[in-house]
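Okay, structure first, notes after.
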Amino acid sequence: MKILKILGAVLVLFFVGVVAYLFYLKSSLTPSYSGEIQLPVLNESTEVYFTEFGIPHIYAKNEIDAYKSLGYVHAKERLWQMDLLRHVGSGRLSELFGPDLIQVDKFLRTMGLNSYAKESAKAYLQKDHESVVLVQAYIDGINQYIDNNPKPLEHTILGLEIEPFEVQNVFETLTYMAFSFSNAHITDPVLTELSAKLDSAYLKDLNIYHYKGESTLRSFDDRYADQAKQTLAVLNHLKVPEFIGSNSWVLAGEKTESGKVILSNDPHIAFSQPSVWYEAHLISPANEYYGYHIPGAPFPLLMHSEKQAIGLTMFENDDMDFYVEEMHPEDSMMYMHKGNWKEIALREEVIKVNGEGDVKFNIRSTVHGPIVSDILQEEPLSDIVSMYWVTSNFPNQMIESIYGFVKSESIAELEQAASQIHGPGLNIMYGDSSGNIAWWAVGKLIKRRDEQTSKTFYDGSTGQDDVDSMYSFSQNPHAINPPWGYVHSANNQPDTVNGVLYSGYYLPDDRAERITEILEPAAKVNIEEMKTMLLDDKSMMQEAIKGIMLHSIKDTERGDLLRSLLKWNCDFNKDDFRPLIFQRWINEVLKGAMKDEIGDELWPIYKKTHTYKVSAEHLIKNENTSWWNDINTPENETRALIIQNAFETTIAALSENWGEDYTQWKWGNAHQLNHKHAMGDVISFLSVGKFPVSGANEVLNNMGYTYEDIPEQTILFGPSTRRIVDFANVRNNSWSILPTGQSGNYFSPYYDDQALMFANGEFRKMEMNHTNIKQSENKLVLKPAD
């Protein structure tokens, strides 16, 4: 009995201790948004007003203090995210999460992210550019927060200390961003294997470039798929969001009710918690702007002022080439290049591992770049494959360029700043108060012998396809004040320039077609129509193939269902059952047509490439393609038969998942948004969601997922913000939303206060009205040392 009492007392004490510790954590980690804080790094006092959604409006008496204050408040809300992203950009995730991430770190270091960031920071500091003092001021603000505040909850749970930030960390973040824009490391291995396995007519029918030139290897073993498979497996463990795509359109005054320019932008990025962007409004005698910052970067990639506004989408150009190297038959450290044997270069890397000893490994490189096949462990390739990446082969001027954005006073200055970006490929979308609109595709574009060869591996020994020159910036696709009154970008193929159609991993034209369909006939557009347009969920692909699909089941016994499907307007509304049918149906059609040729191993990887999306409509429209025939049967299957069978499979599967009464099915039941935290698998409450949402793949409200044979389609990416800037009244009538909230601190009221609004398609102001801002009760005064 005494033992039970003692155990009871111990349990009570343990419970009280846990509660007390949690109370201590909450009280010590809850951020303050008012009062006074001493910041010794400041020169003069700075006032920070936090408006309704926790957005800081920083009033500084000088520009340096503005950036010191920005670094401080950014770290206050997003320090865990900043630290995580710099560890990704330097290939140091094992320091945080232990030995499970060693292979990920090896992959990132082999890609060259850490070495390039280090070299870039060194070169940047040596140039002594005028932006250096502001970058250092921002870092001083971050480090001031680290020195005087408790560690974030995530660091506390993991038992980690936080090392001071430095300029190199900014480049690590920007270099990872550039890498995450690339699609070649997944797509090229897949297409290389398919080009070897299948007759060229198969790939021609998918409406993608396919060309077997002199230097394209003609035969490969089956394991090229494993390069893509293992790469994809590594990327799935990155724990940070990837940059995927985007929409943007900018309307000239003749297309708007106010007669003034309107810019709209919604960059598509993998959903996560915290959200990617941190909003901040900076006011100093030198400048004033409202910006969207990525973690650990002082200058915003998205921004606007009273004079100018900038948006971004991904260019999707092909900035990576792969080479199969001819190795010396007797010396594994020698390879053939242009008739000569050359020695492979070695670079040793040391990975520090949380809880274990250091891991050392060597990275091998040729004239083309790092040997990426060395990181394949499960099934190594019989060939040695190296990679050329535009980004890592040129000096990094991204910081100078973004600084040029916030400092520019004219469209000419903005264009000059944009021209400095060599990688990643971006579409810079622009509008200003003078009535100018523009779009520039930026990034260095490789001059290739034939653009169609770039999606399959080259023979590295000949040197014929080595990268030796680039097009000038003036030859990049662009449009400045076009007579039709608007510019737009949706990651689709740009027009030819000087007769050159640049190779890339462009997404289908669906979103671009929908933008044009809405804007072209519109006489005058207002802000409310822009909001509706950002939430538009009509599928142009479904509209294009709907007739073919329904004609193929015209004899179905499900007459009521067929009539209902005929009335569908191709909108992916969360409360409608028909999107649920069509999205599963097209998945079954493509699987029935293609999986037999592509194979079980390669199929799930192929579905994650842009090629899968681009080819779907083209394939379904082509009744005579060889893809319809199942190579595993003696019969000659037709398009109609594949579509009929896919329909029956779809209805049977959905009936099993959601019940027999199809009128009770809802797209939102299967299409739900979850903002997953990097530690969400272990500590679920750190994630935010789930929310049933409208939208789908390649609609303007681009809520993307990979087609799966399961009830719920996991939403992987979508709008990282929805943003509208109105030059008729920039300070009072510009609008935005974040997917979850401003803060990455779980104990902040701004951790997830926008999540439901985002899911419901709501907006809130990007406040720049000084009178309204200064009425906020949340005023934080940052004071220098006495």
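Letters for chains follow the order of the structure tokens (A, B, ...), residue numbers begin at 1 for each chain, and ligand numbers begin at 1 in the order shown.
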
Residues within 10 Å of A:Leu501, please, as a PDB file with N, CA, C and O atoms, in the first residue's frame. Count only C-alpha atoms; anything in the same chain fewer than 4 positions from it doesn't count.
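Result saved to part.pdb:
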```pdb
ATOM      1  N   ASP A 450      21.646  21.655 -80.370  1.00  0.00           N
ATOM      2  CA  ASP A 450      20.230  21.423 -80.647  1.00  0.00           C
ATOM      3  C   ASP A 450      19.521  21.361 -79.308  1.00  0.00           C
ATOM      4  O   ASP A 450      19.847  20.539 -78.455  1.00  0.00           O
ATOM      5  N   GLU A 451      18.551  22.238 -79.134  1.00  0.00           N
ATOM      6  CA  GLU A 451      17.851  22.307 -77.856  1.00  0.00           C
ATOM      7  C   GLU A 451      17.167  20.996 -77.492  1.00  0.00           C
ATOM      8  O   GLU A 451      16.962  20.689 -76.325  1.00  0.00           O
ATOM      9  N   GLN A 452      16.813  20.190 -78.497  1.00  0.00           N
ATOM     10  CA  GLN A 452      16.065  18.965 -78.227  1.00  0.00           C
ATOM     11  C   GLN A 452      16.925  17.874 -77.595  1.00  0.00           C
ATOM     12  O   GLN A 452      16.407  16.887 -77.092  1.00  0.00           O
ATOM     13  N   PRO A 477      13.643  35.768 -73.506  1.00  0.00           N
ATOM     14  CA  PRO A 477      12.250  36.178 -73.739  1.00  0.00           C
ATOM     15  C   PRO A 477      11.857  37.339 -72.830  1.00  0.00           C
ATOM     16  O   PRO A 477      12.239  37.386 -71.652  1.00  0.00           O
ATOM     17  N   GLN A 493       5.859  27.496 -71.819  1.00  0.00           N
ATOM     18  CA  GLN A 493       6.889  27.741 -72.832  1.00  0.00           C
ATOM     19  C   GLN A 493       6.803  29.180 -73.350  1.00  0.00           C
ATOM     20  O   GLN A 493       5.759  29.622 -73.812  1.00  0.00           O
ATOM     21  N   PRO A 494       7.899  29.949 -73.262  1.00  0.00           N
ATOM     22  CA  PRO A 494       7.879  31.304 -73.823  1.00  0.00           C
ATOM     23  C   PRO A 494       7.998  31.275 -75.341  1.00  0.00           C
ATOM     24  O   PRO A 494       8.387  30.264 -75.927  1.00  0.00           O
ATOM     25  N   ASP A 495       7.667  32.381 -75.951  1.00  0.00           N
ATOM     26  CA  ASP A 495       7.788  32.492 -77.405  1.00  0.00           C
ATOM     27  C   ASP A 495       9.239  32.345 -77.839  1.00  0.00           C
ATOM     28  O   ASP A 495      10.169  32.528 -77.046  1.00  0.00           O
ATOM     29  N   THR A 496       9.417  32.045 -79.130  1.00  0.00           N
ATOM     30  CA  THR A 496      10.764  31.973 -79.681  1.00  0.00           C
ATOM     31  C   THR A 496      11.394  33.356 -79.701  1.00  0.00           C
ATOM     32  O   THR A 496      10.718  34.373 -79.823  1.00  0.00           O
ATOM     33  N   VAL A 497      12.688  33.407 -79.542  1.00  0.00           N
ATOM     34  CA  VAL A 497      13.460  34.643 -79.634  1.00  0.00           C
ATOM     35  C   VAL A 497      14.577  34.404 -80.642  1.00  0.00           C
ATOM     36  O   VAL A 497      15.376  33.480 -80.482  1.00  0.00           O
TER      37      VAL A 497
END
```

(message) If you run DSSP on the backbone here, which positions in stretch 516-557 of chain A get alpha helix (DSSP H)? Please write them as number ranges by chain.
(response) A: 516-519, 527-534, 540-551

May I have the selected residues written with N, CA, C and O atoms, as a compact mmCIF listing (two decimals), in the first residue's frame?
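Saved to part-v8.txt:
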```txt
# COMPACT_ATOMS: atom_id res chain seq x y z
N THR A 516 -5.39 34.08 -70.31
CA THR A 516 -5.72 34.77 -71.56
C THR A 516 -7.22 34.77 -71.81
O THR A 516 -7.79 35.78 -72.24
N GLU A 517 -7.87 33.63 -71.53
CA GLU A 517 -9.31 33.52 -71.74
C GLU A 517 -10.06 34.55 -70.91
O GLU A 517 -11.08 35.11 -71.35
N ILE A 518 -9.58 34.83 -69.70
CA ILE A 518 -10.24 35.81 -68.84
C ILE A 518 -9.88 37.24 -69.23
O ILE A 518 -10.75 38.11 -69.33
N LEU A 519 -8.60 37.49 -69.45
CA LEU A 519 -8.15 38.87 -69.63
C LEU A 519 -8.37 39.42 -71.04
O LEU A 519 -8.65 40.61 -71.20
N ILE A 527 -10.21 45.24 -58.75
CA ILE A 527 -9.51 44.43 -57.75
C ILE A 527 -10.30 43.19 -57.36
O ILE A 527 -9.74 42.09 -57.20
N GLU A 528 -11.61 43.31 -57.20
CA GLU A 528 -12.41 42.15 -56.82
C GLU A 528 -12.34 41.06 -57.88
O GLU A 528 -12.32 39.87 -57.56
N GLU A 529 -12.31 41.46 -59.13
CA GLU A 529 -12.17 40.48 -60.21
C GLU A 529 -10.80 39.83 -60.18
O GLU A 529 -10.65 38.65 -60.51
N MET A 530 -9.77 40.58 -59.76
CA MET A 530 -8.44 39.99 -59.61
C MET A 530 -8.43 38.94 -58.50
O MET A 530 -7.79 37.89 -58.62
N LYS A 531 -9.12 39.22 -57.40
CA LYS A 531 -9.20 38.23 -56.32
C LYS A 531 -9.89 36.96 -56.81
O LYS A 531 -9.43 35.84 -56.55
N THR A 532 -11.00 37.13 -57.53
CA THR A 532 -11.73 35.98 -58.06
C THR A 532 -10.86 35.18 -59.02
O THR A 532 -10.88 33.94 -59.03
N MET A 533 -10.07 35.88 -59.80
CA MET A 533 -9.21 35.22 -60.78
C MET A 533 -8.13 34.37 -60.11
O MET A 533 -7.82 33.26 -60.55
N LEU A 534 -7.57 34.88 -59.01
CA LEU A 534 -6.56 34.10 -58.27
C LEU A 534 -7.15 32.81 -57.71
O LEU A 534 -6.43 31.83 -57.49
N MET A 540 -8.55 23.93 -67.92
CA MET A 540 -8.57 24.01 -69.37
C MET A 540 -8.31 22.64 -70.00
O MET A 540 -8.83 22.32 -71.07
N MET A 541 -7.50 21.83 -69.33
CA MET A 541 -7.24 20.49 -69.85
C MET A 541 -8.51 19.65 -69.81
O MET A 541 -8.86 18.97 -70.78
N GLN A 542 -9.21 19.69 -68.69
CA GLN A 542 -10.44 18.91 -68.58
C GLN A 542 -11.46 19.37 -69.61
O GLN A 542 -12.20 18.55 -70.17
N GLU A 543 -11.54 20.66 -69.84
CA GLU A 543 -12.46 21.17 -70.85
C GLU A 543 -12.10 20.64 -72.24
O GLU A 543 -12.97 20.31 -73.05
N ALA A 544 -10.78 20.53 -72.50
CA ALA A 544 -10.32 20.08 -73.82
C ALA A 544 -10.59 18.60 -74.06
O ALA A 544 -10.80 18.17 -75.21
N ILE A 545 -10.56 17.78 -73.00
CA ILE A 545 -10.68 16.33 -73.19
C ILE A 545 -12.02 15.78 -72.72
O ILE A 545 -12.32 14.60 -72.93
N LYS A 546 -12.82 16.60 -72.07
CA LYS A 546 -14.08 16.14 -71.49
C LYS A 546 -14.96 15.46 -72.54
O LYS A 546 -15.54 14.38 -72.29
N GLY A 547 -15.08 16.05 -73.71
CA GLY A 547 -15.91 15.47 -74.76
C GLY A 547 -15.44 14.09 -75.17
O GLY A 547 -16.26 13.16 -75.36
N ILE A 548 -14.15 13.92 -75.33
CA ILE A 548 -13.59 12.61 -75.70
C ILE A 548 -13.87 11.59 -74.61
O ILE A 548 -14.30 10.45 -74.89
N MET A 549 -13.67 11.99 -73.38
CA MET A 549 -13.87 11.07 -72.26
C MET A 549 -15.33 10.62 -72.18
O MET A 549 -15.63 9.42 -72.07
N LEU A 550 -16.25 11.56 -72.24
CA LEU A 550 -17.66 11.22 -72.08
C LEU A 550 -18.21 10.49 -73.30
O LEU A 550 -19.10 9.63 -73.17
N HIS A 551 -17.71 10.81 -74.50
CA HIS A 551 -18.16 10.10 -75.69
C HIS A 551 -17.80 8.61 -75.60
O HIS A 551 -18.55 7.75 -76.09
```

(message) Residues of stretch 570-702 of chain A classed as strand (DSSP E) by DSSP on the backbone are to be reported as a list in words.
(response)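 So the strand (DSSP E) residues in stretch 570-702 of chain A would be His671, Gln672, Leu673, Asn674, His675, Val688, Gly689, Lys690, Phe691 and Pro692 of chain A.
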
(message) I'd like the neighbourhood of A:Ile375 as a ChimeraX atom specification, where a residue qualifies if any of its atoms comes within 8 Å (using only C-alpha atoms), though same-chain residues fewer than 2 positions away should be ignored.
(response) /A:103,106-107,110,372-373,377

(message) Residues near stretch 599-612 of chain A, anyone? I mean within 6 Å using only C-alpha atoms, not counting same-chain ones fewer than 3 positions away, as a list of chain:residue names.
(response) A:Thr187, A:Leu507, A:Lys595, A:Asp596, A:Ser615

Output for the residues just chosen: N, CA, C and O atoms as a PDB file, in the first residue's frame:
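Generated output (part_9.pdb):
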```pdb
ATOM      1  N   THR A 187      13.815  14.586 -64.195  1.00  0.00           N
ATOM      2  CA  THR A 187      13.263  14.314 -65.525  1.00  0.00           C
ATOM      3  C   THR A 187      14.265  13.668 -66.474  1.00  0.00           C
ATOM      4  O   THR A 187      13.929  12.714 -67.183  1.00  0.00           O
ATOM      5  N   LEU A 507       5.663  23.854 -67.790  1.00  0.00           N
ATOM      6  CA  LEU A 507       4.404  23.230 -67.418  1.00  0.00           C
ATOM      7  C   LEU A 507       3.383  23.407 -68.540  1.00  0.00           C
ATOM      8  O   LEU A 507       3.609  24.196 -69.463  1.00  0.00           O
ATOM      9  N   LYS A 595       1.448   2.714 -68.454  1.00  0.00           N
ATOM     10  CA  LYS A 595       2.230   1.989 -67.460  1.00  0.00           C
ATOM     11  C   LYS A 595       2.844   0.716 -68.017  1.00  0.00           C
ATOM     12  O   LYS A 595       3.946   0.316 -67.599  1.00  0.00           O
ATOM     13  N   ASP A 596       2.180   0.073 -68.966  1.00  0.00           N
ATOM     14  CA  ASP A 596       2.733  -1.170 -69.518  1.00  0.00           C
ATOM     15  C   ASP A 596       4.041  -0.907 -70.246  1.00  0.00           C
ATOM     16  O   ASP A 596       4.964  -1.728 -70.189  1.00  0.00           O
ATOM     17  N   SER A 615       2.090  16.034 -71.166  1.00  0.00           N
ATOM     18  CA  SER A 615       1.718  15.044 -72.180  1.00  0.00           C
ATOM     19  C   SER A 615       0.262  14.587 -72.093  1.00  0.00           C
ATOM     20  O   SER A 615      -0.280  14.046 -73.063  1.00  0.00           O
TER      21      SER A 615
END
```
